[in-house]
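Below is one structure, written out as structure tokens; the observations come after it.
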Amino acid sequence: MGSIAAPIFWYNISHMETKLTIDTSRVDPEGEELEGEVDCVDLDEPFVKPFGGVRYVLQIQVFGSELLVRGRLEQDFDLVCSRCGKDFDDTIKVEDFTASFEIGEDSPEVDLTEELRESIILALPTYPVCDETCPGVEQTVEMPSDDRWNVLDSLNKQGERENGKS
Ligand SMILES: [Zn+2]
């Protein structure tokens, strides 16, 4: 079996829960607040890369055979701007997460993971933008096709040449 001398520091750094399950038999009847992070958004998309886990602050309460959950979720992403094509980081937030789960008869355990994951994915923008004012790739690449610029350009080149000679 596993060695007791396992490198504990490594375990602490790399370990993040990949599931959020709740034992409903242990939830305070008055309700409880849960806070933590769960690494469950594993998208395989080149333009949408999650990093870290889903940070959650949830109120949970058992009503009869149901677990009610509401709260806030956050997940950091490395996204690609749909206008300029640059990478940027953004935090996707779900401010009003609500869900209810039927508590099974054979087990008091309820798994919230899939609901958290879906909620974050639904909150992702269809067209991520690095900034509201992002001019996009067209406008930054296209040069004004105005004769005046050509004149200035040739004057500059002339100047450069003359300066180079002297
Ligand atoms: Zn952009």
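By convention here, the chains of the structure tokens are called A, B, ... in the order presented, each chain's residues are numbered starting at 1, and ligands are numbered starting at 1 in the order presented.
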Which chains and residue numbers are within 12 Å of ligand 1, counting only C-alpha atoms and all ligand atoms, if I want them as a VMD selection string?
chain A and resid 79 to 89 127 to 140
Set the distance at 8 Å and use only C-alpha atoms: which residues neighbour region 97-111 of chain A once local chain neighbours fewer than 4 positions away are removed? I'd like the list as an mmCIF file with N, CA and C atoms, in the first residue's frame.
```cif
data_model
loop_
_atom_site.group_PDB
_atom_site.id
_atom_site.type_symbol
_atom_site.label_atom_id
_atom_site.label_comp_id
_atom_site.auth_asym_id
_atom_site.auth_seq_id
_atom_site.Cartn_x
_atom_site.Cartn_y
_atom_site.Cartn_z
ATOM 1 N N LYS A 19 -14.689 16.800 -7.800
ATOM 2 C CA LYS A 19 -16.127 16.591 -7.632
ATOM 3 C C LYS A 19 -16.602 17.321 -6.396
ATOM 4 N N LEU A 20 -17.834 17.785 -6.456
ATOM 5 C CA LEU A 20 -18.442 18.341 -5.261
ATOM 6 C C LEU A 20 -19.656 17.499 -4.909
ATOM 7 N N THR A 21 -19.496 16.669 -3.887
ATOM 8 C CA THR A 21 -20.612 15.845 -3.437
ATOM 9 C C THR A 21 -20.975 16.262 -2.014
ATOM 10 N N ILE A 22 -22.234 16.135 -1.706
ATOM 11 C CA ILE A 22 -22.719 16.530 -0.387
ATOM 12 C C ILE A 22 -23.440 15.353 0.255
ATOM 13 N N ASP A 23 -23.031 15.088 1.481
ATOM 14 C CA ASP A 23 -23.732 14.075 2.265
ATOM 15 C C ASP A 23 -24.899 14.780 2.944
ATOM 16 N N THR A 24 -26.092 14.595 2.365
ATOM 17 C CA THR A 24 -27.249 15.369 2.838
ATOM 18 C C THR A 24 -27.685 14.973 4.247
ATOM 19 N N SER A 25 -27.226 13.810 4.724
ATOM 20 C CA SER A 25 -27.601 13.400 6.083
ATOM 21 C C SER A 25 -26.861 14.245 7.121
ATOM 22 N N SER A 65 -37.136 15.432 0.605
ATOM 23 C CA SER A 65 -36.206 14.576 -0.123
ATOM 24 C C SER A 65 -35.429 15.357 -1.180
ATOM 25 N N GLU A 66 -35.365 16.679 -0.979
ATOM 26 C CA GLU A 66 -34.653 17.503 -1.943
ATOM 27 C C GLU A 66 -33.563 18.321 -1.282
ATOM 28 N N LEU A 67 -32.484 18.488 -2.039
ATOM 29 C CA LEU A 67 -31.429 19.402 -1.604
ATOM 30 C C LEU A 67 -31.524 20.642 -2.476
ATOM 31 N N LEU A 68 -31.715 21.795 -1.845
ATOM 32 C CA LEU A 68 -31.759 23.044 -2.596
ATOM 33 C C LEU A 68 -30.421 23.754 -2.473
ATOM 34 N N VAL A 69 -29.949 24.239 -3.602
ATOM 35 C CA VAL A 69 -28.645 24.875 -3.650
ATOM 36 C C VAL A 69 -28.771 26.197 -4.384
ATOM 37 N N ARG A 70 -28.233 27.257 -3.791
ATOM 38 C CA ARG A 70 -28.145 28.517 -4.521
ATOM 39 C C ARG A 70 -26.879 29.251 -4.118
ATOM 40 N N GLY A 71 -26.375 30.055 -5.038
ATOM 41 C CA GLY A 71 -25.160 30.778 -4.703
ATOM 42 C C GLY A 71 -24.450 31.325 -5.915
ATOM 43 N N ARG A 72 -23.160 31.524 -5.748
ATOM 44 C CA ARG A 72 -22.349 32.163 -6.785
ATOM 45 C C ARG A 72 -21.229 31.225 -7.239
ATOM 46 N N LEU A 73 -20.897 31.313 -8.519
ATOM 47 C CA LEU A 73 -19.799 30.521 -9.083
ATOM 48 C C LEU A 73 -18.877 31.438 -9.880
ATOM 49 N N GLU A 115 -23.859 19.991 -12.470
ATOM 50 C CA GLU A 115 -24.639 21.234 -12.500
ATOM 51 C C GLU A 115 -23.728 22.461 -12.479
ATOM 52 N N SER A 119 -23.422 25.061 -15.633
ATOM 53 C CA SER A 119 -23.777 26.445 -15.374
ATOM 54 C C SER A 119 -22.665 27.388 -15.830
#
```
Please identify all polymer residues within 7 Å of Val41 (chain A), counting only C-alpha atoms, omitting same-chain residues fewer than 2 positions from it, and present them as a count of residues only.
4
Spatial neighbours of Asp28 (chain A), max dist 9 Å, only C-alpha atoms, sep filter under 5 positions, as a list in words
Ile60, Gln61 and Val62 of chain A
Could you write those residues out with N, CA and C atoms, as an mmCIF file, in the first residue's frame?
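part_35.cif was written with the following content:
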```cif
data_model
loop_
_atom_site.group_PDB
_atom_site.id
_atom_site.type_symbol
_atom_site.label_atom_id
_atom_site.label_comp_id
_atom_site.auth_asym_id
_atom_site.auth_seq_id
_atom_site.Cartn_x
_atom_site.Cartn_y
_atom_site.Cartn_z
ATOM 1 N N ILE A 60 -26.838 25.778 1.084
ATOM 2 C CA ILE A 60 -27.497 24.493 0.840
ATOM 3 C C ILE A 60 -28.477 24.201 1.969
ATOM 4 N N GLN A 61 -29.568 23.593 1.604
ATOM 5 C CA GLN A 61 -30.566 23.232 2.620
ATOM 6 C C GLN A 61 -31.382 22.034 2.128
ATOM 7 N N VAL A 62 -31.704 21.173 3.064
ATOM 8 C CA VAL A 62 -32.496 19.991 2.729
ATOM 9 C C VAL A 62 -33.959 20.269 3.046
#
```
Among region 25-148 of chain A, which ones does DSSP place in strand (DSSP E or B), written as a count of residues only?
58
Which residue out of A:Met16, A:Val57, A:Val48, A:Leu124 has the minimum interatomic distance to Leu34 (chain A) when only C-alpha atoms are used?
A:Val57
Got a sec to tell me which of region 62-142 of chain A DSSP assigns to helix (DSSP H, G or I), as JSON, numbers by chain?
{"A": [113, 114, 115, 116, 117, 118, 119, 120, 121, 122, 123, 136, 137, 138, 139, 140, 141]}
Pull C-alpha atoms from the residues just selected and write them as a CSV table (one decimal), in the first residue's frame.
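The resulting out_19.csv:
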```csv
chain,number,residue,atom,x,y,z
A,113,THR,CA,-20.4,18.6,-10.0
A,114,GLU,CA,-22.3,18.4,-13.3
A,115,GLU,CA,-24.6,21.2,-12.5
A,116,LEU,CA,-21.7,23.5,-11.6
A,117,ARG,CA,-19.9,22.6,-14.8
A,118,GLU,CA,-22.9,23.2,-17.0
A,119,SER,CA,-23.8,26.4,-15.4
A,120,ILE,CA,-20.3,27.8,-16.0
A,121,ILE,CA,-20.2,26.6,-19.6
A,122,LEU,CA,-23.6,28.2,-20.3
A,123,ALA,CA,-22.3,31.5,-18.9
A,136,GLY,CA,-10.9,44.2,-34.1
A,137,VAL,CA,-8.3,43.0,-36.5
A,138,GLU,CA,-9.6,44.7,-39.7
A,139,GLN,CA,-9.2,48.2,-38.5
A,140,THR,CA,-5.8,47.8,-37.0
A,141,VAL,CA,-4.3,46.1,-40.1
```
